file final_36.cif (mmCIF, C-alpha atoms and all ligand atoms)
data_run
#
loop_
_atom_site.label_atom_id
_atom_site.label_comp_id
_atom_site.auth_asym_id
_atom_site.auth_seq_id
_atom_site.Cartn_x
_atom_site.Cartn_y
_atom_site.Cartn_z
CA MET A 1 -32.80 31.48 -9.49
CA ASN A 2 -31.18 30.35 -6.25
CA LEU A 3 -29.16 33.23 -4.79
CA PHE A 4 -25.93 31.26 -4.44
CA VAL A 5 -26.24 30.05 -8.02
CA GLU A 6 -26.80 33.61 -9.16
CA GLU A 7 -23.70 34.73 -7.30
CA LEU A 8 -21.64 31.84 -8.69
CA LEU A 9 -22.80 32.67 -12.20
CA GLU A 10 -21.81 36.29 -11.77
CA ARG A 11 -18.55 36.03 -9.82
CA LYS A 12 -17.39 32.59 -11.06
CA THR A 13 -16.48 31.76 -7.48
CA LEU A 14 -18.06 31.53 -4.04
CA GLU A 15 -16.89 31.53 -0.46
CA ASP A 16 -16.21 28.17 1.22
CA ASP A 17 -19.32 28.22 3.42
CA LYS A 18 -21.59 28.88 0.44
CA LEU A 19 -19.96 26.16 -1.66
CA LEU A 20 -20.38 23.72 1.22
CA ARG A 21 -24.03 24.61 1.46
CA LEU A 22 -24.42 23.93 -2.26
CA LEU A 23 -22.65 20.59 -1.89
CA ASP A 24 -24.71 19.52 1.12
CA SER A 25 -28.11 20.88 0.13
CA GLU A 26 -31.05 18.49 -0.07
CA ASP A 27 -33.13 20.96 -2.03
CA VAL A 28 -33.99 19.49 -5.45
CA LEU A 29 -34.91 22.96 -6.67
CA LEU A 30 -31.28 23.91 -6.18
CA ASP A 31 -30.26 21.27 -8.73
CA GLU A 32 -32.78 22.60 -11.22
CA SER A 33 -31.41 26.10 -10.81
CA LEU A 34 -27.76 25.02 -10.89
CA HIS A 35 -28.16 22.76 -13.91
CA ALA A 36 -30.13 25.37 -15.84
CA ALA A 37 -27.48 28.05 -15.23
CA ALA A 38 -24.59 25.69 -16.09
CA HIS A 39 -26.36 24.42 -19.18
CA GLU A 40 -26.95 27.94 -20.39
CA VAL A 41 -23.27 28.85 -19.92
CA ALA A 42 -22.14 25.71 -21.81
CA ALA A 43 -24.74 26.17 -24.54
CA ASP A 44 -23.68 29.76 -25.00
CA HIS A 45 -19.96 29.01 -24.93
CA PHE A 46 -19.97 25.95 -27.19
CA GLY A 47 -22.89 26.92 -29.43
CA LYS A 48 -24.77 23.78 -28.34
CA GLN A 49 -22.18 21.57 -30.03
CA VAL A 50 -20.87 18.47 -28.28
CA TYR A 51 -17.32 17.29 -28.89
CA LEU A 52 -16.90 13.54 -29.34
CA ARG A 53 -13.70 11.77 -28.26
CA ALA A 54 -12.91 8.21 -29.35
CA LEU A 55 -11.84 6.31 -26.25
CA ILE A 56 -9.35 3.53 -27.00
CA GLU A 57 -8.42 1.55 -23.88
CA TRP A 58 -5.07 0.45 -25.15
CA SER A 59 -3.84 -1.60 -22.18
CA SER A 60 -5.18 -3.19 -19.00
CA VAL A 61 -1.69 -3.86 -17.66
CA CYS A 62 -0.99 -1.66 -14.63
CA ARG A 63 1.90 -1.49 -12.18
CA ASN A 64 -0.25 0.37 -9.66
CA ASP A 65 -2.49 -1.01 -6.99
CA CYS A 66 -5.07 1.76 -6.42
CA LEU A 67 -7.52 0.35 -3.91
CA TYR A 68 -10.64 1.31 -5.88
CA CYS A 69 -9.61 0.28 -9.39
CA GLY A 70 -10.56 -2.97 -11.12
CA ILE A 71 -7.37 -3.05 -13.22
CA ARG A 72 -5.14 -2.77 -10.13
CA ARG A 73 -2.10 -5.03 -10.23
CA SER A 74 -3.38 -7.35 -7.47
CA ASN A 75 -6.60 -8.21 -9.26
CA THR A 76 -5.58 -11.59 -10.65
CA SER A 77 -9.07 -12.42 -11.92
CA LEU A 78 -8.72 -9.99 -14.81
CA PRO A 79 -7.30 -10.97 -18.20
CA ARG A 80 -4.58 -8.51 -19.21
CA TYR A 81 -3.98 -7.20 -22.71
CA ASN A 82 -1.99 -4.65 -24.67
CA LEU A 83 -3.55 -3.62 -27.96
CA SER A 84 -1.20 -4.07 -30.89
CA ARG A 85 -0.17 -1.14 -33.05
CA GLU A 86 -2.48 -2.48 -35.77
CA ASP A 87 -5.43 -2.69 -33.36
CA ILE A 88 -4.91 0.90 -32.24
CA LEU A 89 -4.58 2.23 -35.80
CA GLN A 90 -7.66 0.29 -36.85
CA ALA A 91 -9.66 1.75 -33.94
CA CYS A 92 -8.50 5.26 -34.98
CA GLN A 93 -9.48 4.60 -38.59
CA HIS A 94 -12.90 3.40 -37.50
CA ALA A 95 -13.43 6.46 -35.28
CA TYR A 96 -12.21 8.78 -38.04
CA GLU A 97 -14.69 7.26 -40.51
CA MET A 98 -17.46 7.89 -37.96
CA GLY A 99 -16.45 11.57 -37.93
CA LEU A 100 -14.51 11.73 -34.65
CA ARG A 101 -11.47 14.02 -34.56
CA THR A 102 -9.93 13.22 -31.17
CA PHE A 103 -8.43 9.88 -30.17
CA VAL A 104 -8.00 9.20 -26.46
CA LEU A 105 -5.52 6.44 -25.61
CA GLN A 106 -6.11 5.37 -22.02
CA GLY A 107 -4.59 2.52 -20.07
CA GLY A 108 -2.98 1.22 -16.93
CA GLU A 109 0.33 2.66 -15.83
CA ASN A 110 2.92 0.69 -17.69
CA PRO A 111 6.14 2.65 -18.33
CA HIS A 112 7.82 -0.27 -20.12
CA ALA A 113 5.24 -0.20 -22.89
CA VAL A 114 5.27 3.55 -23.36
CA GLU A 115 8.21 3.69 -25.79
CA GLY A 116 6.32 1.44 -28.21
CA LEU A 117 3.20 3.52 -27.69
CA ALA A 118 5.12 6.73 -28.47
CA GLU A 119 5.93 5.28 -31.90
CA THR A 120 2.26 4.51 -32.44
CA VAL A 121 1.34 8.03 -31.33
CA ALA A 122 3.74 9.42 -33.96
CA GLU A 123 2.12 7.20 -36.56
CA ILE A 124 -1.39 8.35 -35.58
CA HIS A 125 -0.21 11.96 -35.74
CA ALA A 126 1.23 11.44 -39.24
CA SER A 127 -1.80 9.51 -40.52
CA TRP A 128 -4.51 11.86 -39.19
CA PRO A 129 -2.86 15.29 -38.87
CA ASP A 130 -6.26 16.94 -38.52
CA CYS A 131 -6.97 15.01 -35.30
CA ALA A 132 -6.01 15.59 -31.68
CA ILE A 133 -4.38 12.88 -29.60
CA THR A 134 -5.17 12.68 -25.89
CA LEU A 135 -3.28 10.35 -23.58
CA SER A 136 -4.21 9.03 -20.15
CA LEU A 137 -1.40 6.77 -19.02
CA GLY A 138 -0.88 7.74 -15.39
CA GLU A 139 2.20 9.06 -13.63
CA LEU A 140 5.32 8.92 -15.77
CA PRO A 141 8.72 10.63 -15.67
CA ARG A 142 8.80 14.11 -17.17
CA SER A 143 11.19 12.87 -19.88
CA THR A 144 8.57 10.32 -20.95
CA TYR A 145 5.85 12.96 -21.09
CA GLU A 146 8.25 15.02 -23.17
CA ARG A 147 8.83 12.09 -25.55
CA LEU A 148 5.05 11.59 -25.93
CA ARG A 149 4.51 15.29 -26.57
CA ARG A 150 7.23 15.26 -29.27
CA SER A 151 5.51 12.27 -30.84
CA GLY A 152 2.43 14.39 -31.42
CA ALA A 153 0.23 14.03 -28.33
CA ASP A 154 -1.77 17.19 -27.61
CA ARG A 155 -3.63 16.51 -24.39
CA TYR A 156 -3.21 14.47 -21.22
CA LEU A 157 -5.79 13.38 -18.65
CA LEU A 158 -4.56 12.68 -15.13
CA ARG A 159 -7.21 12.90 -12.46
CA HIS A 160 -5.82 14.13 -9.17
CA GLU A 161 -8.41 11.76 -7.53
CA THR A 162 -8.62 13.77 -4.29
CA ALA A 163 -6.96 17.02 -3.23
CA ASP A 164 -6.58 15.87 0.37
CA ALA A 165 -3.24 14.12 0.98
CA ASP A 166 -4.60 11.95 3.82
CA HIS A 167 -7.63 10.90 1.82
CA TYR A 168 -5.32 10.21 -1.13
CA ALA A 169 -3.21 7.95 1.10
CA ARG A 170 -6.29 5.92 2.11
CA LEU A 171 -7.26 5.30 -1.51
CA HIS A 172 -3.79 4.36 -2.72
CA PRO A 173 -1.04 1.98 -1.69
CA ALA A 174 2.11 3.12 0.07
CA GLY A 175 4.45 4.66 -2.48
CA MET A 176 1.77 6.72 -4.21
CA CYS A 177 1.17 10.26 -3.02
CA LEU A 178 -0.77 13.34 -3.98
CA GLU A 179 2.39 15.44 -4.29
CA ASN A 180 3.70 13.28 -7.13
CA ARG A 181 0.35 13.41 -8.89
CA LEU A 182 0.38 17.20 -8.72
CA SER A 183 4.00 17.35 -9.81
CA CYS A 184 3.04 15.29 -12.90
CA LEU A 185 0.20 17.70 -13.64
CA ARG A 186 2.61 20.65 -13.44
CA ASP A 187 5.05 18.85 -15.77
CA LEU A 188 2.30 18.15 -18.27
CA ARG A 189 1.18 21.74 -18.34
CA GLU A 190 4.74 23.05 -18.68
CA LEU A 191 5.30 20.72 -21.61
CA GLY A 192 2.35 22.29 -23.40
CA PHE A 193 -0.26 19.56 -23.01
CA GLN A 194 -3.88 20.60 -22.65
CA THR A 195 -4.24 19.07 -19.24
CA GLY A 196 -7.17 17.33 -17.57
CA MET A 197 -7.71 16.67 -13.89
CA GLY A 198 -10.65 15.55 -11.77
CA MET A 199 -11.92 13.10 -9.20
CA MET A 200 -14.41 10.42 -8.34
CA VAL A 201 -17.45 11.62 -6.45
CA GLY A 202 -18.40 9.47 -3.47
CA SER A 203 -15.10 7.63 -3.15
CA PRO A 204 -14.82 5.91 0.24
CA TRP A 205 -14.30 8.28 3.20
CA GLN A 206 -14.80 11.35 1.03
CA THR A 207 -16.35 14.32 2.86
CA SER A 208 -17.92 17.52 1.56
CA ARG A 209 -14.77 19.31 2.72
CA ASN A 210 -12.71 16.99 0.52
CA LEU A 211 -14.92 17.92 -2.42
CA LEU A 212 -14.52 21.57 -1.55
CA SER A 213 -10.71 21.10 -1.66
CA ASP A 214 -11.09 19.38 -5.06
CA ILE A 215 -13.10 22.30 -6.38
CA ARG A 216 -10.56 24.80 -5.05
CA LEU A 217 -7.64 22.86 -6.54
CA ILE A 218 -9.37 22.80 -9.92
CA GLU A 219 -10.21 26.48 -9.60
CA ARG A 220 -6.55 27.33 -8.94
CA PHE A 221 -5.01 25.05 -11.57
CA ARG A 222 -7.61 25.90 -14.23
CA PRO A 223 -7.21 22.67 -16.23
CA GLU A 224 -8.38 22.67 -19.83
CA MET A 225 -10.35 19.44 -19.16
CA ILE A 226 -12.18 18.25 -16.05
CA GLY A 227 -13.16 14.58 -15.58
CA ILE A 228 -15.66 13.90 -12.81
CA GLY A 229 -17.48 10.62 -12.35
CA PRO A 230 -19.10 8.76 -9.49
CA PHE A 231 -17.10 6.11 -7.65
CA ILE A 232 -18.47 2.66 -8.53
CA PRO A 233 -17.25 -0.34 -6.53
CA HIS A 234 -15.50 -3.24 -8.19
CA PRO A 235 -16.02 -6.50 -6.25
CA ASP A 236 -12.44 -7.70 -6.75
CA THR A 237 -10.88 -4.68 -5.06
CA PRO A 238 -10.35 -3.85 -1.37
CA LEU A 239 -12.98 -1.08 -1.66
CA GLY A 240 -15.51 -3.32 -3.42
CA GLY A 241 -17.84 -3.32 -0.38
CA HIS A 242 -18.28 0.46 -0.31
CA PRO A 243 -21.40 2.04 -1.80
CA ALA A 244 -21.32 3.82 -5.15
CA GLY A 245 -21.18 7.60 -5.27
CA SER A 246 -24.18 9.70 -6.11
CA ALA A 247 -24.94 10.51 -9.75
CA LEU A 248 -26.89 13.57 -8.61
CA LEU A 249 -23.98 14.95 -6.61
CA THR A 250 -21.71 14.29 -9.61
CA LEU A 251 -24.04 16.36 -11.79
CA ARG A 252 -24.19 19.08 -9.16
CA ILE A 253 -20.39 19.34 -9.09
CA CYS A 254 -20.24 19.36 -12.92
CA SER A 255 -22.56 22.36 -12.83
CA ILE A 256 -20.57 24.17 -10.13
CA LEU A 257 -17.35 23.70 -12.11
CA ARG A 258 -18.97 24.79 -15.36
CA LEU A 259 -20.01 28.02 -13.67
CA MET A 260 -16.49 28.52 -12.30
CA LEU A 261 -14.64 27.60 -15.50
CA PRO A 262 -16.95 28.33 -18.44
CA ASP A 263 -14.30 27.39 -21.05
CA ALA A 264 -13.37 23.98 -19.62
CA LEU A 265 -13.98 20.80 -21.58
CA ILE A 266 -16.13 18.63 -19.31
CA PRO A 267 -17.26 15.15 -20.35
CA ALA A 268 -20.48 13.42 -19.36
CA THR A 269 -18.42 10.46 -18.15
CA THR A 270 -18.84 6.74 -18.74
CA ALA A 271 -19.17 6.19 -14.97
CA LEU A 272 -22.06 8.66 -14.87
CA SER A 273 -23.78 6.82 -17.74
CA THR A 274 -23.21 3.55 -15.90
CA LEU A 275 -25.15 4.74 -12.85
CA LEU A 276 -27.72 6.83 -14.67
CA PRO A 277 -29.45 5.40 -17.76
CA ASN A 278 -29.77 8.87 -19.32
CA GLY A 279 -26.39 9.98 -17.98
CA ARG A 280 -25.00 11.60 -21.11
CA ARG A 281 -28.16 13.66 -21.65
CA ALA A 282 -28.26 14.58 -17.94
CA GLY A 283 -24.57 15.50 -18.11
CA ILE A 284 -25.07 17.88 -21.05
CA LEU A 285 -28.10 19.42 -19.32
CA ALA A 286 -25.91 20.00 -16.26
CA GLY A 287 -23.11 21.78 -18.15
CA ALA A 288 -20.97 19.02 -19.73
CA ASN A 289 -19.95 19.43 -23.39
CA VAL A 290 -17.99 16.26 -24.25
CA ILE A 291 -18.96 12.62 -24.84
CA MET A 292 -16.39 9.84 -25.05
CA PRO A 293 -17.69 6.86 -27.04
CA ASN A 294 -15.73 3.66 -26.67
CA PHE A 295 -13.75 2.40 -29.69
CA THR A 296 -11.77 -0.30 -27.89
CA PRO A 297 -12.01 -3.54 -29.92
CA LYS A 298 -14.93 -5.58 -28.55
CA ALA A 299 -12.72 -8.59 -27.76
CA GLN A 300 -10.74 -6.62 -25.17
CA ARG A 301 -13.42 -4.30 -23.84
CA SER A 302 -14.64 -6.43 -20.95
CA ALA A 303 -11.06 -6.80 -19.67
CA TYR A 304 -10.87 -3.06 -19.06
CA ALA A 305 -13.19 -3.39 -16.08
CA LEU A 306 -12.49 -0.41 -13.85
CA TYR A 307 -15.71 -0.98 -11.90
CA GLU A 308 -18.80 -3.18 -11.92
CA GLY A 309 -21.27 -2.84 -14.79
CA LYS A 310 -19.11 -0.41 -16.80
CA ASN A 311 -21.42 0.71 -19.52
CA ALA A 312 -19.51 1.71 -22.66
CA ILE A 313 -20.91 4.61 -24.64
CA GLN A 314 -21.20 3.23 -28.15
CA VAL A 315 -21.10 5.05 -31.44
CA GLU A 316 -19.52 2.32 -33.52
CA SER A 317 -22.27 1.87 -36.03
CA ALA A 318 -24.14 4.39 -38.13
CA GLU A 319 -27.24 3.36 -36.17
CA ASN A 320 -25.58 4.22 -32.80
CA LEU A 321 -24.47 7.56 -34.20
CA ARG A 322 -27.95 8.33 -35.48
CA GLN A 323 -29.39 7.52 -32.03
CA LEU A 324 -26.92 9.85 -30.36
CA LYS A 325 -27.74 12.63 -32.82
CA THR A 326 -31.46 12.16 -32.17
CA GLU A 327 -30.88 12.19 -28.42
CA LEU A 328 -28.88 15.41 -28.65
CA ALA A 329 -31.32 17.04 -31.07
CA ALA A 330 -34.10 16.47 -28.54
CA ILE A 331 -32.30 18.89 -26.19
CA GLY A 332 -31.22 21.25 -28.99
CA TRP A 333 -27.59 20.10 -29.26
CA ARG A 334 -25.64 18.58 -32.14
CA ILE A 335 -22.26 16.97 -32.71
CA SER A 336 -19.38 19.27 -33.58
CA ALA A 337 -17.24 18.35 -36.58
CA SER A 338 -14.15 20.00 -35.08
CA ARG A 339 -11.42 18.39 -32.97
CA GLY A 340 -12.59 20.52 -30.06
CA ASP A 341 -9.48 22.07 -28.59
CA TYR A 342 -9.65 24.19 -25.50
CA GLU A 343 -10.30 27.82 -26.35
CA GLU A 344 -10.09 30.59 -23.89
CA SER A 345 -12.77 33.19 -23.93
CA THR A 346 -12.25 36.70 -22.70
CA GLN A 347 -12.19 35.61 -19.07
CA ILE A 348 -8.90 36.40 -17.39
CA ALA A 349 -6.69 33.36 -17.59
CA THR A 350 -4.34 32.98 -14.70
CA TYR A 351 -2.41 29.85 -14.02
CA ASN A 352 -1.89 29.68 -10.31
CA HIS A 353 0.74 27.37 -9.00
CA VAL A 354 -0.62 24.37 -7.10
N1 LIG A 401 -3.69 4.83 -15.46
C1 LIG A 401 -4.26 6.09 -15.81
C2 LIG A 401 -4.38 6.98 -14.60
O1 LIG A 401 -4.01 6.57 -13.52
O2 LIG A 401 -4.80 8.13 -14.76
C3 LIG A 401 -5.57 6.00 -16.55
C4 LIG A 401 -6.46 4.85 -16.23
S1 LIG A 401 -7.34 5.04 -14.71
C5 LIG A 401 -8.10 3.47 -14.61
C6 LIG A 401 -8.63 6.16 -15.19
C7 LIG A 401 -9.57 6.64 -14.10
O3 LIG A 401 -10.51 5.63 -13.78
C8 LIG A 401 -8.95 6.99 -12.78
O4 LIG A 401 -8.40 8.28 -12.80
C9 LIG A 401 -10.12 6.85 -11.79
O5 LIG A 401 -10.63 8.11 -11.40
C10 LIG A 401 -11.15 6.04 -12.60
N2 LIG A 401 -11.58 4.87 -11.84
C11 LIG A 401 -10.83 3.83 -11.45
N3 LIG A 401 -11.55 2.99 -10.68
C12 LIG A 401 -12.78 3.52 -10.56
C13 LIG A 401 -13.96 3.15 -9.86
N4 LIG A 401 -14.01 2.05 -9.11
N5 LIG A 401 -15.06 3.94 -9.98
C14 LIG A 401 -15.02 5.04 -10.74
N6 LIG A 401 -13.93 5.46 -11.41
C15 LIG A 401 -12.82 4.71 -11.32
#

call {"tool": "encode", "arguments": {"input": "final_36.cif", "output": "structure tokens"}}
result
Amino acid sequence: MNLFVEELLERKTLEDDKLLRLLDSEDVLLDESLHAAAHEVAADHFGKQVYLRALIEWSSVCRNDCLYCGIRRSNTSLPRYNLSREDILQACQHAYEMGLRTFVLQGGENPHAVEGLAETVAEIHASWPDCAITLSLGELPRSTYERLRRSGADRYLLRHETADADHYARLHPAGMCLENRLSCLRDLRELGFQTGMGMMVGSPWQTSRNLLSDIRLIERFRPEMIGIGPFIPHPDTPLGGHPAGSALLTLRICSILRLMLPDALIPATTALSTLLPNGRRAGILAGANVIMPNFTPKAQRSAYALYEGKNAIQVESAENLRQLKTELAAIGWRISASRGDYEESTQIATYNHV
């Protein structure tokens, strides 16, 4: 085993210079070593059971104008939709029948619609009390997060996007800043949400030092969930001419974070599967333990175009589910029947202020 990987496995951290060397290495043997170690940790920790999350993209309406994102406000070529309460409940019912026990409601940032959504969240909570509800609705006032938590939401995903304030400013319009993002993450944690953060790998102007700062931020905050996917350009955005991020580097960072935070819930993301045909398998073999199949109604799915070629992970039919099971069985994994909450092992849990 590579010496740095061995040290990371043992100490669950590494000095900056060693992490940078891992990030910058061109040695393919390093990836083999890193993935194998991370896979073993995940396999051991989760008993080779993958958690499935039903992704329901409830709205493509967004007040924000993030320079990389296809659903940004200024993209007028995109049809906008809000799923109705009935559509959302139907998607949950469908996912429940397929055996999924977490619903993820994700959408553009749209504070005006959140009150209505909170009522739907309460209804989901009452109808499927054995399921977890995850939200990913962007930056909202603490009182709104509180309202959503009271309605029955358990988890919240809010990627920090980049831990470098200057880099953050280049990716976002004036008015958005890293400090607010981090303040939202602190609010979410204080309100008792299992909290997810993460970033795109290969976003324009990103350096290895930026990625090192991302890893350090995640290491300090110790989120329950970590979402990492490659940047993929969308032609109708200001950053549409930039190249896509590297799937291999994304996998490498998944492995590093798995070794640092063995308990974290880490998905093999949709963006990874979009760039890499066997992305979900590769993700699991690099330390991921979550897959998020898409349950957005087909009629609206193409309007939730965050980036070009977005390749939904599908488990809507018994046939899709059987395929996924076969794919996982080939690497010795199976689908968990539980709702897959974060569980801390004996590692010392310290929440450091960020
Ligand atoms: N509005 C919510 C928020 O801001 O967290 C959730 C929706 S947002 C579209 C979900 C995630 O999509 C973002 O956190 C971002 O990392 C990712 N994303 C957006 N555009 C992307 C792109 N071009 N390539 C890869 N990921 C992208």

call {"tool": "residues_around", "arguments": {"input": "final_36.cif", "residues": "segment 16-22 of chain A", "least_positions_apart": "4", "cutoff": "8 Å", "atoms": "only C-alpha atoms", "output": "PyMOL selection string"}}
result
chain A and resi 4+30+208-209+212

call {"tool": "closest_atom_pairs", "arguments": {"input": "final_36.cif", "of": "segment 271-290 of chain A", "to": "segment 222-244 of chain A", "cutoff": "12 Å", "atoms": "all atoms listed in the file", "output": "tab-separated table"}}
result
residue	atom	partner	partner_atom	distance
A:Ala271	CA	A:Gly229	CA	5.4
A:Leu272	CA	A:Gly229	CA	5.6
A:Ser273	CA	A:Gly229	CA	9.1
A:Thr274	CA	A:Ile232	CA	8.8
A:Leu275	CA	A:Pro230	CA	8.0
A:Leu276	CA	A:Pro230	CA	10.2
A:Gly279	CA	A:Gly229	CA	10.6
A:Arg280	CA	A:Gly229	CA	11.6
A:Gly283	CA	A:Gly229	CA	10.4
A:Gly287	CA	A:Ile226	CA	11.7
A:Ala288	CA	A:Ile226	CA	9.6
A:Asn289	CA	A:Met225	CA	10.5
A:Val290	CA	A:Met225	CA	9.7

call {"tool": "closest_residue", "arguments": {"input": "final_36.cif", "among": "A:His45, A:Arg72, A:Arg147, A:Lys298", "to": "ligand LIG 401 (chain A)", "atoms": "all atoms listed in the file"}}
result
A:Arg72

call {"tool": "residues_around", "arguments": {"input": "final_36.cif", "residues": "Leu171 of chain A", "least_positions_apart": "3", "cutoff": "8 Å", "atoms": "only C-alpha atoms", "output": "PyMOL selection string"}}
result
chain A and resi 66-68+167-168+204

call {"tool": "closest_atom_pairs", "arguments": {"input": "final_36.cif", "of": "chain A", "to": "ligand LIG 401 (chain A)", "cutoff": "7 Å", "atoms": "only C-alpha atoms and all ligand atoms", "output": "CSV"}}
result
residue,atom,partner,partner_atom,distance
A:Tyr68,CA,A:LIG401,N4,4.7
A:Cys69,CA,A:LIG401,N3,3.6
A:Gly70,CA,A:LIG401,N3,6.1
A:Ile71,CA,A:LIG401,C5,6.7
A:Gln106,CA,A:LIG401,C3,5.5
A:Gly107,CA,A:LIG401,C4,4.9
A:Gly108,CA,A:LIG401,N1,4.0
A:Glu109,CA,A:LIG401,N1,4.6
A:Ser136,CA,A:LIG401,C3,4.9
A:Leu137,CA,A:LIG401,C1,4.4
A:Gly138,CA,A:LIG401,C2,3.7
A:Glu139,CA,A:LIG401,O1,6.7
A:Leu157,CA,A:LIG401,O2,6.6
A:Leu158,CA,A:LIG401,O2,4.6
A:Arg159,CA,A:LIG401,O4,4.8
A:Glu161,CA,A:LIG401,O5,5.8
A:Met199,CA,A:LIG401,O5,5.6
A:Met200,CA,A:LIG401,O5,5.4
A:Gly229,CA,A:LIG401,C14,6.3
A:Pro230,CA,A:LIG401,C14,5.7
A:Phe231,CA,A:LIG401,N5,3.8
A:Ile232,CA,A:LIG401,N5,3.9
A:Pro233,CA,A:LIG401,N4,4.8
A:His234,CA,A:LIG401,N4,5.6
A:Ala271,CA,A:LIG401,C14,6.0
A:Leu306,CA,A:LIG401,N3,4.7
A:Tyr307,CA,A:LIG401,N4,4.5

call {"tool": "write_last_selection", "arguments": {"input": "final_36.cif", "atoms": "C-alpha atoms", "output": "CSV table (one decimal), keeping the file's coordinate frame"}}
result
chain,number,residue,atom,x,y,z
A,68,TYR,CA,-10.6,1.3,-5.9
A,69,CYS,CA,-9.6,0.3,-9.4
A,70,GLY,CA,-10.6,-3.0,-11.1
A,71,ILE,CA,-7.4,-3.0,-13.2
A,106,GLN,CA,-6.1,5.4,-22.0
A,107,GLY,CA,-4.6,2.5,-20.1
A,108,GLY,CA,-3.0,1.2,-16.9
A,109,GLU,CA,0.3,2.7,-15.8
A,136,SER,CA,-4.2,9.0,-20.2
A,137,LEU,CA,-1.4,6.8,-19.0
A,138,GLY,CA,-0.9,7.7,-15.4
A,139,GLU,CA,2.2,9.1,-13.6
A,157,LEU,CA,-5.8,13.4,-18.6
A,158,LEU,CA,-4.6,12.7,-15.1
A,159,ARG,CA,-7.2,12.9,-12.5
A,161,GLU,CA,-8.4,11.8,-7.5
A,199,MET,CA,-11.9,13.1,-9.2
A,200,MET,CA,-14.4,10.4,-8.3
A,229,GLY,CA,-17.5,10.6,-12.4
A,230,PRO,CA,-19.1,8.8,-9.5
A,231,PHE,CA,-17.1,6.1,-7.6
A,232,ILE,CA,-18.5,2.7,-8.5
A,233,PRO,CA,-17.2,-0.3,-6.5
A,234,HIS,CA,-15.5,-3.2,-8.2
A,271,ALA,CA,-19.2,6.2,-15.0
A,306,LEU,CA,-12.5,-0.4,-13.8
A,307,TYR,CA,-15.7,-1.0,-11.9

call {"tool": "residues_around", "arguments": {"input": "final_36.cif", "residues": "Ala303 of chain A", "least_positions_apart": "5", "cutoff": "7 Å", "atoms": "all atoms listed in the file", "output": "PyMOL selection string"}}
result
chain A and resi 60+78-80

call {"tool": "decode", "arguments": {"input": "final_36.cif", "residues": "segment 246-258 of chain A", "atoms": "N, CA and C atoms", "output": "short mmCIF file (atom, residue, chain, number, x, y, z; two decimals), in the first residue's frame"}}
result
data_model
loop_
_atom_site.label_atom_id
_atom_site.label_comp_id
_atom_site.auth_asym_id
_atom_site.auth_seq_id
_atom_site.Cartn_x
_atom_site.Cartn_y
_atom_site.Cartn_z
N SER A 246 -12.51 16.33 -13.59
CA SER A 246 -12.04 14.97 -13.81
C SER A 246 -12.80 13.99 -12.91
N ALA A 247 -13.34 12.93 -13.55
CA ALA A 247 -14.03 11.90 -12.77
C ALA A 247 -13.02 11.18 -11.87
N LEU A 248 -11.80 11.01 -12.38
CA LEU A 248 -10.80 10.28 -11.58
C LEU A 248 -10.40 11.05 -10.33
N LEU A 249 -10.25 12.38 -10.50
CA LEU A 249 -9.91 13.19 -9.32
C LEU A 249 -11.09 13.19 -8.34
N THR A 250 -12.31 13.20 -8.87
CA THR A 250 -13.49 13.14 -7.99
C THR A 250 -13.45 11.86 -7.16
N LEU A 251 -13.14 10.75 -7.81
CA LEU A 251 -13.07 9.47 -7.08
C LEU A 251 -11.94 9.50 -6.05
N ARG A 252 -10.83 10.11 -6.43
CA ARG A 252 -9.69 10.17 -5.52
C ARG A 252 -10.08 10.95 -4.25
N ILE A 253 -10.81 12.05 -4.44
CA ILE A 253 -11.20 12.86 -3.28
C ILE A 253 -12.26 12.13 -2.43
N CYS A 254 -13.15 11.40 -3.09
CA CYS A 254 -14.12 10.56 -2.34
C CYS A 254 -13.35 9.61 -1.42
N SER A 255 -12.31 9.01 -1.96
CA SER A 255 -11.54 8.04 -1.18
C SER A 255 -10.84 8.72 -0.01
N ILE A 256 -10.22 9.88 -0.29
CA ILE A 256 -9.51 10.60 0.79
C ILE A 256 -10.50 10.92 1.91
N LEU A 257 -11.68 11.42 1.53
CA LEU A 257 -12.65 11.81 2.56
C LEU A 257 -13.22 10.60 3.29
N ARG A 258 -13.38 9.50 2.60
CA ARG A 258 -13.83 8.27 3.28
C ARG A 258 -12.82 7.85 4.35
#
